[in-house]
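Asker: Structure below; questions to follow.
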Amino acid sequence: MFSVGSGADSLSTSGEAKLCPIHEQEVQFYCGTEGRLTCSKCVSDGSCQGHKVTELVTQATGVRNQLVDVCEKMQLQALRIERFIDRTLTAREKAVQTDANSARERVLAQVNVVREALEEEEQRLLEAIQREEERVEQCLLTQRAHWTRTLEKLTHTRTSLVHTLTNSTDTMIVVKDAEGIGEPRDTEKLTLNRGCSDSKFMVGLWATHRLTALCFEAQTVSPLLSLSNDQRTLTFLPKRQRQLPPSDPARFDSWPNALCSPPMSSATHSWVLDVCTSAAFKVGVCYSSIERKGSGNGARLGYNTKSWVLSHYDGDLSFCHDGCNVGITVAKKLKRVGLLLDWPSQTLLFYDPESTAVLHVVRHAFSEPLLAACAVADQSVSILH
């Protein structure tokens with residue numbers, strides 16, 4: 001913004017001429033060097049001698065011209081502001097209303113599609129459970145009828161045999177055959193197949209609805225690994241980079257393992273790990289009572305009764321528990337692995353977050369709180385939040 005200097009104050013508001021305070025002569029010049037009005041005496045032999053001096057009329061004309069330019073610029077700026085308010089802001093208000101309405105309609109449409117899919121999936125699963133329940137009940141009825149008849153037949157046969165033993169001669173007993181009856185056996189056909197309620201679609205929504213905030217516990221981290229500052233990334237260390245960490249009874253000293261907190265013994269928990277750079281890793285859960293010291297199977301994830309892990313090594317993917325491996329086939333290398341622990345149903349589920357494909361399901365009566373566990377023998381593995 002243009003500012004008006006003292007040259008604009010050469011005349012008083014009443015139109016009276018201003019006098020030089022030094023020589024008491026009428027000021028007729030403007031000293032550009034000192035930025036003040038001055039008289040001819042100051043210019044010729046006073047304090048403004050040799051300075052850049054202009055006549056007062058000339059200076060005032062220049063200032064007026066500058067003020068006119070400023071006023072014109074302000075008028076043009078005001079026009080631009082009015083145009084911005086009337087056109088741009090108004091158009092933006094209409095656009096944001098239109099865009100917001102479209103976004104609402106899109107969200108409602110997407111939610112309706114998901115709701116319909118959920119309702120259809122719910123109906124399909126309930127019907128599958130109903131069919132499975134009816135199948136088992138029919139098997140139970142058939143078995144009950146069969147064994148009831150068998151029991152009646154057995155009772156009748158036994159009564160007949162007792163009568164024979166009591167009333168028959170030795171000759172009659174020798175030629176008499178005792179008819180045998182098979183033993184009843186409990187089979188899987190007489191129990192509800194829990195897989196009838198499995199749903200890839202539901203699992204994907206269930207597993208990803210809320211991720212549990214986990215982090216690796218530093219005191220458990222093996223000396224073969226390094227832990228990031230945010231306690232979410234484990235990196236396998238070459239021999240030359242390894243350092244002896246502080247001694248701790250919770251630390252794994254031989255296997256490249258680490259455990260997470262907090263422990264899980266209720267509700268539902270879900271977490272995802274980024275494994276895209278690692279060619280050798282294990283992810284899963286274990287009891288806090290798992291061994292930490294030594295190179296035996298007691299401290300090796302997946303090779304004891306206290307740990308359940310998904311293992312990837314040399315291109316092969318498998319589920320490991322108590323030394324038993326179950327191979328898992330996938331179409332491509334996993335970039336991420338998701339885990340879901342539903343404590344109320346005692347279910348542990350491994351899945352692919354990208355496709356929501358279920359990799360393996362564990363149903364086990366867990367007897368202790370569980371900790372998320374990880375082993376890394378190549379590159380890095382990270383917990384995603």
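Residues are named by chain letter and number: chains run A, B, ... in the order of the structure tokens, numbers start at 1 in each chain, and ligands are numbered from 1 in the order shown.
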Just the residues within 8 Å of region 294-296 of chain A, please, counting only C-alpha atoms, with nothing from its chain fewer than 2 positions along; format it as a PyMOL selection string.
Answerer: chain A and resi 252-255+292+298-300
Asker: Need to verify the contact set: Ala213 (chain A), 12 Å, only C-alpha atoms, exclusion of same-chain residues closer than 5 positions in sequence. Can you return it as a VMD selection string?
Answerer: chain A and resid 231 to 232 260 to 264 269 to 273 372 383 to 385
Asker: Could those residues be written to a file, using C-alpha atoms, as a PDB file, in the first residue's frame?
Answerer:
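Just written: selection30.pdb:
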ATOM      1  CA  GLN A 231       8.876 -50.895  18.165  1.00  0.00           C
ATOM      2  CA  ARG A 232       6.969 -52.136  15.108  1.00  0.00           C
ATOM      3  CA  CYS A 260       4.394 -58.441  21.322  1.00  0.00           C
ATOM      4  CA  SER A 261       2.263 -56.806  23.958  1.00  0.00           C
ATOM      5  CA  PRO A 262      -0.384 -56.620  25.257  1.00  0.00           C
ATOM      6  CA  PRO A 263      -1.385 -60.223  26.106  1.00  0.00           C
ATOM      7  CA  MET A 264      -4.750 -61.371  24.708  1.00  0.00           C
ATOM      8  CA  HIS A 269      -8.092 -59.067  18.188  1.00  0.00           C
ATOM      9  CA  SER A 270      -6.813 -58.491  14.667  1.00  0.00           C
ATOM     10  CA  TRP A 271      -3.408 -57.406  13.389  1.00  0.00           C
ATOM     11  CA  VAL A 272      -1.547 -57.267  10.068  1.00  0.00           C
ATOM     12  CA  LEU A 273       2.166 -57.650   9.317  1.00  0.00           C
ATOM     13  CA  ALA A 372       1.574 -62.187  19.185  1.00  0.00           C
ATOM     14  CA  ILE A 383       3.374 -54.525  12.294  1.00  0.00           C
ATOM     15  CA  LEU A 384       0.960 -52.282  10.385  1.00  0.00           C
ATOM     16  CA  HIS A 385      -1.382 -49.916  12.201  1.00  0.00           C
TER      17      HIS A 385
END
Asker: To one decimal in Å, tell me the separation between CA of Trp308 (chain A) and CA of Gln346 (chain A).
Answerer: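 Between CA of Trp308 (chain A) and CA of Gln346 (chain A) the gap is 13.0 Å.
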Asker: Compile the contact shell of Ala128 (chain A) as JSON, numbers by chain: residues with an atom at most 10 Å away, counting only C-alpha atoms, same-chain residues fewer than 4 positions apart removed.
Answerer: {"A": [122, 123, 124, 132, 133, 134, 195, 196, 197, 198]}
Asker: From the set A:Val309, A:Lys293, A:Val358, A:Asp342, which residue has the shortest atom-to-atom contact distance to Ala267 (chain A), counting only C-alpha atoms?
Answerer: A:Asp342
Asker: When DSSP works through the backbone of this structure, what residues of region 53-265 of chain A end up as strand (DSSP E or B), shown as a list in words?
Answerer: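 Of region 53-265 of chain A, only Val53, Thr54, Glu55, Cys215, Phe216, Leu225, Ser226, Leu227, Thr233, Leu234, Thr235, Phe236, Asn257, Ala258, Leu259, Cys260, Ser261 and Met264 of chain A fall in strand (DSSP E or B).
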Asker: May I ask which of the residues A:Glu368, A:Leu237, A:Leu108, A:Pro344 is the closest one to Thr305 (chain A), counting only C-alpha atoms?
Answerer: A:Glu368
Asker: Need to verify the contact set: Leu340 (chain A), 12 Å, only C-alpha atoms, exclusion of same-chain residues closer than 3 positions in sequence. Can you return it as number ranges by chain?
Answerer: A: 203-212, 264, 267-273, 283-285, 337, 343, 345-353, 356, 358-363, 372
Asker: Go through A:Asp322, A:Asp248, A:Asp316, A:Glu120 one by one, measure the shortest atom-to-atom distance of each to Gly302 (chain A) using only C-alpha atoms, and give the residue with the smallest value.
Answerer: A:Asp322
Asker: Show which residues sit within 9 Å of Thr54 (chain A), as a PyMOL selection string. Count only C-alpha atoms, and ignore same-chain residues fewer than 4 positions away.
Answerer: chain A and resi 28-32+58-59
Asker: How about saving the chosen residues, N, CA, C and O atoms kept, as a CSV table (one decimal), in the first residue's frame?
Answerer:
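Written output follows (out_19.csv):
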chain,number,residue,atom,x,y,z
A,28,GLN,N,9.2,26.0,0.3
A,28,GLN,CA,8.9,25.9,-1.1
A,28,GLN,C,9.6,24.7,-1.8
A,28,GLN,O,9.4,24.4,-3.0
A,29,PHE,N,10.3,23.9,-1.0
A,29,PHE,CA,11.1,22.7,-1.6
A,29,PHE,C,10.8,21.5,-0.7
A,29,PHE,O,10.4,21.6,0.5
A,30,TYR,N,11.2,20.4,-1.3
A,30,TYR,CA,11.1,19.1,-0.6
A,30,TYR,C,12.5,18.5,-0.7
A,30,TYR,O,13.0,18.3,-1.8
A,31,CYS,N,13.1,18.2,0.5
A,31,CYS,CA,14.4,17.6,0.6
A,31,CYS,C,14.2,16.0,0.6
A,31,CYS,O,13.8,15.5,1.6
A,32,GLY,N,14.6,15.4,-0.6
A,32,GLY,CA,14.5,14.0,-0.6
A,32,GLY,C,15.5,13.2,0.2
A,32,GLY,O,15.2,12.1,0.7
A,58,THR,N,6.2,20.5,-7.6
A,58,THR,CA,6.6,19.3,-8.4
A,58,THR,C,6.4,18.0,-7.5
A,58,THR,O,5.9,17.0,-8.0
A,59,GLN,N,6.9,18.1,-6.3
A,59,GLN,CA,6.8,16.9,-5.4
A,59,GLN,C,5.3,16.6,-5.1
A,59,GLN,O,4.9,15.4,-5.1
